[in-house]
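Written below as structure tokens is the structure these notes are about.
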There are 2 protein chains.
Amino acid sequence: MKNNSSFKNKLEESGHSFTSQRAEVYSILCENAPAHLTAEEIFIKLTQRHLKIGLSTVYRTLGIFTNIGITDKVDFDDGMSRYELVENFDGKNHRHHHLICLGCGRVEDALDDLMEDLENDVLEKFSFNIIDHSVKLYGYCAECSMKNKIETGSK
Amino acid sequence: MKNNSSFKNKLEESGHSFTSQRAEVYSILCENAPAHLTAEEIFIKLTQRHLKIGLSTVYRTLGIFTNIGITDKVDFDDGMSRYELVENFDGKNHRHHHLICLGCGRVEDALDDLMEDLENDVLEKFSFNIIDHSVKLYGYCAECSMKNKIETGSK
DNA sequence: AATATAATGAGAATGGTTCTCAATTAAGGA
DNA sequence: TCCTTAATTGAGAACCATTCTCATTATATT
Ligand SMILES: [Mn+2]
Ligand SMILES: [Mn+2]
Ligand SMILES: [Zn+2]
Ligand SMILES: [Zn+2]
């Protein structure tokens, strides 16, 4: 549990009660960070811990967490939404990027933004004011790139 | 119909037959470019044109189009996939970005990539070889930014 | 034209997510 | 602490975009 009292505060500030179910879901997220968990995966981890929380409650809780900025909902094109804790680093208000390997399916977080050029360009050309973004980079991780080279016998 | 023969070629090169249904779906996409259409929207436009094409066929066709690089499948978080023609501009092999307005919901295409800094950084730090990306920029369009200013009375 | 292969379409099935509603629990005041 | 009220929970039903099934039809090849 990273910072349970700020978690509780965020709930209460936004007009939600602090319940054992919400605390348990939060604790699963903390223990598994920086994993990207589905509602079902969280539900299973709770069950393994002999905590009887309904799947609807897991979904509802993750919805609330996402609304009040405790979690981010991410989508890696595999048919289900995934959730991860929002990092509360300094002035960071943009979501981090995701490197999605087309070989092994693994997903890595990339914490450097480096979107300034693009954002300035968009503001100039479209007068579009960017609030946040979702950046997914598809390619091959170091390990899969290596395998590809060996298999194709490229120089 | 932008370039019907290259469309036919792409189908045949990839081992698919050229059928009237596929030609019709392609033609709807061309006529509505650069819109981002759902399978259902395409189906409705076909029906309005008195073309009896099954919804399953529309889905299957869009799946094939996306596999062979005729269309891109995009997701604007509204519960359904959308499809748009791939621009066959010169050496462009990365998908374009999307500006999604949180006010009015409109989506604009941003054709400048400007992802070089980020891609170089990712290659250096992770040895991750980027093949393609998906970039969604959320914010307020010129019109909605204006409205927001007036409503909030900000300087 | 005949044959083999692929495509089509109507409807059923799928599956992640949301909804319903009766039972339970939390919150705040007395 | 007890009471009242409003919020939360959970089991299962409902939802709904998409995929699947399979008999029929169209296309490609000989
Ligand atoms: Mn992440
Ligand atoms: Mn687009
Ligand atoms: Zn990999
Ligand atoms: Zn707008």
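Residue numbering restarts at 1 in every chain; chains get A, B, ... in the order shown in the structure tokens, and ligands count up from 1 in that same order.
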
query: DSSP says strand (DSSP E) for which residues of segment 8-137 of chain A? Put them as a ChimeraX atom specification?
result: /A:37-38,71-75,81-85,97-101,107-110,129-137

message: What's around segment 93-108 of chain B at 7 Å? Count only C-alpha atoms (C1' of nucleotides), leave out sequence neighbours fewer than 3 positions away in its own chain, and write the answer as JSON, numbers by chain.
response: {"B": [111, 113, 132, 133, 134, 135, 136, 137, 138, 139, 140, 141, 144]}

message: For DA7 of chain D, find every residue with an atom within 9 Å (counting only C-alpha atoms (C1' of nucleotides)), except residues of its own chain fewer than 3 positions away, and show them as a list in words.
response: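 Result of the neighbour search: His16 and Ser17 of chain A; DT25 and DA26 of chain C.
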
Restrict the selected residues to all heavy atoms and save them as a PDB file, in the first residue's frame.
```pdb
ATOM      1  N   HIS A  16     -17.025  10.049  -2.222  1.00  0.00           N
ATOM      2  CA  HIS A  16     -17.246   8.602  -2.161  1.00  0.00           C
ATOM      3  C   HIS A  16     -16.842   8.073  -0.787  1.00  0.00           C
ATOM      4  O   HIS A  16     -15.934   8.605  -0.156  1.00  0.00           O
ATOM      5  CB  HIS A  16     -16.417   7.905  -3.238  1.00  0.00           C
ATOM      6  CG  HIS A  16     -16.852   8.233  -4.630  1.00  0.00           C
ATOM      7  ND1 HIS A  16     -16.245   9.218  -5.385  1.00  0.00           N
ATOM      8  CD2 HIS A  16     -17.829   7.732  -5.414  1.00  0.00           C
ATOM      9  CE1 HIS A  16     -16.837   9.296  -6.570  1.00  0.00           C
ATOM     10  NE2 HIS A  16     -17.797   8.405  -6.606  1.00  0.00           N
ATOM     11  N   SER A  17     -17.517   7.027  -0.391  1.00  0.00           N
ATOM     12  CA  SER A  17     -17.168   6.425   0.909  1.00  0.00           C
ATOM     13  C   SER A  17     -15.904   5.592   0.796  1.00  0.00           C
ATOM     14  O   SER A  17     -15.567   5.078  -0.267  1.00  0.00           O
ATOM     15  CB  SER A  17     -18.287   5.513   1.401  1.00  0.00           C
ATOM     16  OG  SER A  17     -19.530   6.117   1.208  1.00  0.00           O
TER      17      SER A  17
ATOM     18  P    DT C  25     -23.019  -6.331   6.073  1.00  0.00           P
ATOM     19  OP1  DT C  25     -21.806  -7.171   6.013  1.00  0.00           O
ATOM     20  OP2  DT C  25     -23.940  -6.365   7.224  1.00  0.00           O
ATOM     21  O5'  DT C  25     -22.575  -4.816   5.841  1.00  0.00           O
ATOM     22  C5'  DT C  25     -21.935  -4.469   4.619  1.00  0.00           C
ATOM     23  C4'  DT C  25     -21.784  -2.964   4.552  1.00  0.00           C
ATOM     24  O4'  DT C  25     -23.062  -2.330   4.354  1.00  0.00           O
ATOM     25  C3'  DT C  25     -21.187  -2.335   5.825  1.00  0.00           C
ATOM     26  O3'  DT C  25     -20.075  -1.560   5.423  1.00  0.00           O
ATOM     27  C2'  DT C  25     -22.309  -1.469   6.378  1.00  0.00           C
ATOM     28  C1'  DT C  25     -23.097  -1.144   5.107  1.00  0.00           C
ATOM     29  N1   DT C  25     -24.526  -0.782   5.288  1.00  0.00           N
ATOM     30  C2   DT C  25     -24.976   0.399   4.749  1.00  0.00           C
ATOM     31  O2   DT C  25     -24.261   1.176   4.141  1.00  0.00           O
ATOM     32  N3   DT C  25     -26.321   0.655   4.933  1.00  0.00           N
ATOM     33  C4   DT C  25     -27.218  -0.153   5.595  1.00  0.00           C
ATOM     34  O4   DT C  25     -28.395   0.184   5.698  1.00  0.00           O
ATOM     35  C5   DT C  25     -26.678  -1.372   6.145  1.00  0.00           C
ATOM     36  C7   DT C  25     -27.587  -2.289   6.889  1.00  0.00           C
ATOM     37  C6   DT C  25     -25.373  -1.629   5.970  1.00  0.00           C
ATOM     38  P    DA C  26     -19.020  -1.008   6.503  1.00  0.00           P
ATOM     39  OP1  DA C  26     -17.673  -1.453   6.104  1.00  0.00           O
ATOM     40  OP2  DA C  26     -19.531  -1.292   7.861  1.00  0.00           O
ATOM     41  O5'  DA C  26     -19.105   0.559   6.242  1.00  0.00           O
ATOM     42  C5'  DA C  26     -18.890   1.034   4.924  1.00  0.00           C
ATOM     43  C4'  DA C  26     -19.404   2.458   4.811  1.00  0.00           C
ATOM     44  O4'  DA C  26     -20.832   2.468   4.997  1.00  0.00           O
ATOM     45  C3'  DA C  26     -18.819   3.418   5.851  1.00  0.00           C
ATOM     46  O3'  DA C  26     -18.412   4.593   5.185  1.00  0.00           O
ATOM     47  C2'  DA C  26     -19.981   3.666   6.818  1.00  0.00           C
ATOM     48  C1'  DA C  26     -21.198   3.457   5.928  1.00  0.00           C
ATOM     49  N9   DA C  26     -22.380   2.943   6.609  1.00  0.00           N
ATOM     50  C8   DA C  26     -22.481   1.826   7.387  1.00  0.00           C
ATOM     51  N7   DA C  26     -23.687   1.586   7.848  1.00  0.00           N
ATOM     52  C5   DA C  26     -24.431   2.643   7.350  1.00  0.00           C
ATOM     53  C6   DA C  26     -25.798   2.980   7.477  1.00  0.00           C
ATOM     54  N6   DA C  26     -26.675   2.254   8.170  1.00  0.00           N
ATOM     55  N1   DA C  26     -26.225   4.083   6.837  1.00  0.00           N
ATOM     56  C2   DA C  26     -25.348   4.801   6.134  1.00  0.00           C
ATOM     57  N3   DA C  26     -24.047   4.592   5.943  1.00  0.00           N
ATOM     58  C4   DA C  26     -23.653   3.480   6.577  1.00  0.00           C
TER      59       DA C  26
END
```

task: Please provide the set of residues having any atom within 12 Å of Gln21 of chain B, restricted to only C-alpha atoms (C1' of nucleotides), with same-chain residues fewer than 6 positions apart removed, written as number ranges by chain.
output: B: 27-28, 42-43, 46, 51-62; C: 7-9; D: 26

The selected residues should be written to file as a short mmCIF file (atom, residue, chain, number, x, y, z; two decimals), in the first residue's frame (atoms: N, CA, C and O atoms (P, O5', C5', C4', C3', O3' and C1' of nucleotides)).
```cif
data_model
loop_
_atom_site.label_atom_id
_atom_site.label_comp_id
_atom_site.auth_asym_id
_atom_site.auth_seq_id
_atom_site.Cartn_x
_atom_site.Cartn_y
_atom_site.Cartn_z
N SER B 27 -16.03 1.84 -51.88
CA SER B 27 -16.55 3.07 -52.46
C SER B 27 -17.18 3.97 -51.39
O SER B 27 -17.05 5.19 -51.42
N ILE B 28 -17.84 3.37 -50.41
CA ILE B 28 -18.39 4.16 -49.30
C ILE B 28 -17.24 4.85 -48.55
O ILE B 28 -17.32 6.04 -48.22
N ILE B 42 -21.35 2.23 -42.13
CA ILE B 42 -21.12 1.81 -43.52
C ILE B 42 -22.30 0.96 -43.98
O ILE B 42 -22.83 1.14 -45.09
N PHE B 43 -22.73 0.06 -43.11
CA PHE B 43 -23.87 -0.80 -43.42
C PHE B 43 -25.11 0.03 -43.73
O PHE B 43 -25.84 -0.24 -44.69
N LEU B 46 -24.85 1.73 -47.10
CA LEU B 46 -25.06 0.76 -48.17
C LEU B 46 -26.54 0.48 -48.36
O LEU B 46 -27.04 0.41 -49.48
N LEU B 51 -28.35 -1.29 -51.48
CA LEU B 51 -27.45 -2.42 -51.68
C LEU B 51 -27.62 -3.35 -50.50
O LEU B 51 -27.43 -2.96 -49.36
N LYS B 52 -28.03 -4.56 -50.76
CA LYS B 52 -28.29 -5.51 -49.67
C LYS B 52 -27.03 -6.29 -49.37
O LYS B 52 -26.78 -7.34 -49.95
N ILE B 53 -26.24 -5.76 -48.45
CA ILE B 53 -25.01 -6.43 -48.02
C ILE B 53 -25.15 -6.74 -46.55
O ILE B 53 -25.58 -5.90 -45.78
N GLY B 54 -24.81 -7.96 -46.16
CA GLY B 54 -24.96 -8.35 -44.77
C GLY B 54 -23.97 -7.63 -43.87
O GLY B 54 -22.86 -7.29 -44.29
N LEU B 55 -24.40 -7.39 -42.63
CA LEU B 55 -23.52 -6.72 -41.68
C LEU B 55 -22.27 -7.56 -41.42
O LEU B 55 -21.17 -7.02 -41.28
N SER B 56 -22.42 -8.88 -41.40
CA SER B 56 -21.25 -9.75 -41.21
C SER B 56 -20.23 -9.51 -42.32
O SER B 56 -19.03 -9.53 -42.09
N THR B 57 -20.74 -9.34 -43.52
CA THR B 57 -19.84 -9.13 -44.66
C THR B 57 -19.11 -7.80 -44.52
O THR B 57 -17.93 -7.70 -44.85
N VAL B 58 -19.81 -6.80 -44.02
CA VAL B 58 -19.15 -5.51 -43.81
C VAL B 58 -18.02 -5.68 -42.80
O VAL B 58 -16.89 -5.23 -43.05
N TYR B 59 -18.28 -6.35 -41.70
CA TYR B 59 -17.24 -6.59 -40.70
C TYR B 59 -16.09 -7.38 -41.30
O TYR B 59 -14.92 -7.04 -41.11
N ARG B 60 -16.40 -8.46 -42.02
CA ARG B 60 -15.36 -9.30 -42.60
C ARG B 60 -14.53 -8.51 -43.58
O ARG B 60 -13.30 -8.58 -43.60
N THR B 61 -15.19 -7.70 -44.38
CA THR B 61 -14.51 -6.91 -45.40
C THR B 61 -13.57 -5.90 -44.76
O THR B 61 -12.42 -5.75 -45.18
N LEU B 62 -14.05 -5.24 -43.72
CA LEU B 62 -13.20 -4.25 -43.05
C LEU B 62 -12.02 -4.94 -42.38
O LEU B 62 -10.92 -4.39 -42.33
P DA C 7 -12.36 -15.42 -50.18
"O5'" DA C 7 -13.93 -15.21 -50.40
"C5'" DA C 7 -14.38 -14.75 -51.68
"C4'" DA C 7 -15.85 -14.38 -51.58
"C3'" DA C 7 -16.19 -13.44 -50.42
"O3'" DA C 7 -17.09 -12.46 -50.91
"C1'" DA C 7 -17.47 -15.43 -50.25
P DT C 8 -17.68 -11.37 -49.95
"O5'" DT C 8 -19.12 -11.96 -49.64
"C5'" DT C 8 -20.02 -12.19 -50.73
"C4'" DT C 8 -21.32 -12.75 -50.21
"C3'" DT C 8 -21.96 -11.93 -49.09
"O3'" DT C 8 -23.25 -11.53 -49.52
"C1'" DT C 8 -21.91 -14.25 -48.55
P DG C 9 -24.00 -10.32 -48.80
"O5'" DG C 9 -24.96 -11.12 -47.82
"C5'" DG C 9 -25.89 -12.05 -48.36
"C4'" DG C 9 -26.65 -12.71 -47.23
"C3'" DG C 9 -27.04 -11.76 -46.09
"O3'" DG C 9 -28.30 -12.22 -45.60
"C1'" DG C 9 -25.71 -13.47 -45.21
P DA D 26 -25.66 -15.68 -56.70
"O5'" DA D 26 -24.07 -15.46 -56.74
"C5'" DA D 26 -23.50 -14.51 -55.86
"C4'" DA D 26 -21.99 -14.62 -55.95
"C3'" DA D 26 -21.43 -14.41 -57.36
"O3'" DA D 26 -20.35 -13.50 -57.24
"C1'" DA D 26 -20.61 -16.45 -56.45
#
```

task: Check every residue of chain D for an atom within 10 Å of chain B, counting only C-alpha atoms (C1' of nucleotides), and provide those that qualify as an MDAnalysis selection string.
output: chainID D and resid 16:20 26:28

Filtering to N, CA, C and O atoms (P, O5', C5', C4', C3', O3' and C1' of nucleotides), could you give me those residues as a PDB file, in the first residue's frame?
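Heads up, here's the output in again07.pdb:
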```pdb
ATOM      1  P    DC D  16     -28.028  -1.728 -25.589  1.00  0.00           P
ATOM      2  O5'  DC D  16     -26.761  -2.099 -26.474  1.00  0.00           O
ATOM      3  C5'  DC D  16     -25.448  -2.005 -25.933  1.00  0.00           C
ATOM      4  C4'  DC D  16     -24.485  -2.690 -26.889  1.00  0.00           C
ATOM      5  C3'  DC D  16     -24.991  -2.784 -28.335  1.00  0.00           C
ATOM      6  O3'  DC D  16     -23.889  -2.662 -29.181  1.00  0.00           O
ATOM      7  C1'  DC D  16     -24.453  -4.897 -27.587  1.00  0.00           C
ATOM      8  P    DA D  17     -23.867  -1.475 -30.300  1.00  0.00           P
ATOM      9  O5'  DA D  17     -22.393  -1.614 -30.904  1.00  0.00           O
ATOM     10  C5'  DA D  17     -21.280  -1.342 -30.068  1.00  0.00           C
ATOM     11  C4'  DA D  17     -20.227  -2.399 -30.277  1.00  0.00           C
ATOM     12  C3'  DA D  17     -19.833  -2.639 -31.737  1.00  0.00           C
ATOM     13  O3'  DA D  17     -18.421  -2.703 -31.795  1.00  0.00           O
ATOM     14  C1'  DA D  17     -20.521  -4.688 -30.747  1.00  0.00           C
ATOM     15  P    DT D  18     -17.657  -2.860 -33.191  1.00  0.00           P
ATOM     16  O5'  DT D  18     -17.462  -4.446 -33.275  1.00  0.00           O
ATOM     17  C5'  DT D  18     -16.688  -5.087 -32.278  1.00  0.00           C
ATOM     18  C4'  DT D  18     -16.800  -6.586 -32.433  1.00  0.00           C
ATOM     19  C3'  DT D  18     -16.414  -7.122 -33.818  1.00  0.00           C
ATOM     20  O3'  DT D  18     -15.219  -7.865 -33.645  1.00  0.00           O
ATOM     21  C1'  DT D  18     -18.342  -8.209 -32.917  1.00  0.00           C
ATOM     22  P    DT D  19     -14.568  -8.703 -34.804  1.00  0.00           P
ATOM     23  O5'  DT D  19     -15.125 -10.180 -34.545  1.00  0.00           O
ATOM     24  C5'  DT D  19     -14.958 -10.759 -33.266  1.00  0.00           C
ATOM     25  C4'  DT D  19     -15.568 -12.147 -33.266  1.00  0.00           C
ATOM     26  C3'  DT D  19     -15.105 -13.035 -34.421  1.00  0.00           C
ATOM     27  O3'  DT D  19     -14.752 -14.289 -33.849  1.00  0.00           O
ATOM     28  C1'  DT D  19     -17.468 -12.966 -34.331  1.00  0.00           C
ATOM     29  P    DC D  20     -14.202 -15.499 -34.716  1.00  0.00           P
ATOM     30  O5'  DC D  20     -15.480 -16.463 -34.816  1.00  0.00           O
ATOM     31  C5'  DC D  20     -16.161 -16.809 -33.622  1.00  0.00           C
ATOM     32  C4'  DC D  20     -17.359 -17.687 -33.964  1.00  0.00           C
ATOM     33  C3'  DC D  20     -17.101 -18.750 -35.028  1.00  0.00           C
ATOM     34  O3'  DC D  20     -17.617 -19.974 -34.537  1.00  0.00           O
ATOM     35  C1'  DC D  20     -18.987 -17.437 -35.625  1.00  0.00           C
ATOM     36  P    DA D  26     -25.659 -15.682 -56.695  1.00  0.00           P
ATOM     37  O5'  DA D  26     -24.069 -15.460 -56.742  1.00  0.00           O
ATOM     38  C5'  DA D  26     -23.495 -14.511 -55.856  1.00  0.00           C
ATOM     39  C4'  DA D  26     -21.987 -14.620 -55.952  1.00  0.00           C
ATOM     40  C3'  DA D  26     -21.427 -14.413 -57.358  1.00  0.00           C
ATOM     41  O3'  DA D  26     -20.353 -13.495 -57.241  1.00  0.00           O
ATOM     42  C1'  DA D  26     -20.612 -16.446 -56.452  1.00  0.00           C
ATOM     43  P    DT D  27     -19.658 -12.899 -58.586  1.00  0.00           P
ATOM     44  O5'  DT D  27     -18.201 -13.561 -58.567  1.00  0.00           O
ATOM     45  C5'  DT D  27     -17.401 -13.480 -57.387  1.00  0.00           C
ATOM     46  C4'  DT D  27     -16.236 -14.435 -57.510  1.00  0.00           C
ATOM     47  C3'  DT D  27     -15.454 -14.309 -58.822  1.00  0.00           C
ATOM     48  O3'  DT D  27     -14.108 -13.996 -58.507  1.00  0.00           O
ATOM     49  C1'  DT D  27     -15.934 -16.587 -58.307  1.00  0.00           C
ATOM     50  P    DA D  28     -13.066 -13.671 -59.672  1.00  0.00           P
ATOM     51  O5'  DA D  28     -12.298 -15.065 -59.790  1.00  0.00           O
ATOM     52  C5'  DA D  28     -11.715 -15.624 -58.626  1.00  0.00           C
ATOM     53  C4'  DA D  28     -11.067 -16.957 -58.965  1.00  0.00           C
ATOM     54  C3'  DA D  28     -10.221 -16.936 -60.242  1.00  0.00           C
ATOM     55  O3'  DA D  28      -9.041 -17.684 -59.992  1.00  0.00           O
ATOM     56  C1'  DA D  28     -11.878 -18.614 -60.425  1.00  0.00           C
TER      57       DA D  28
END
```
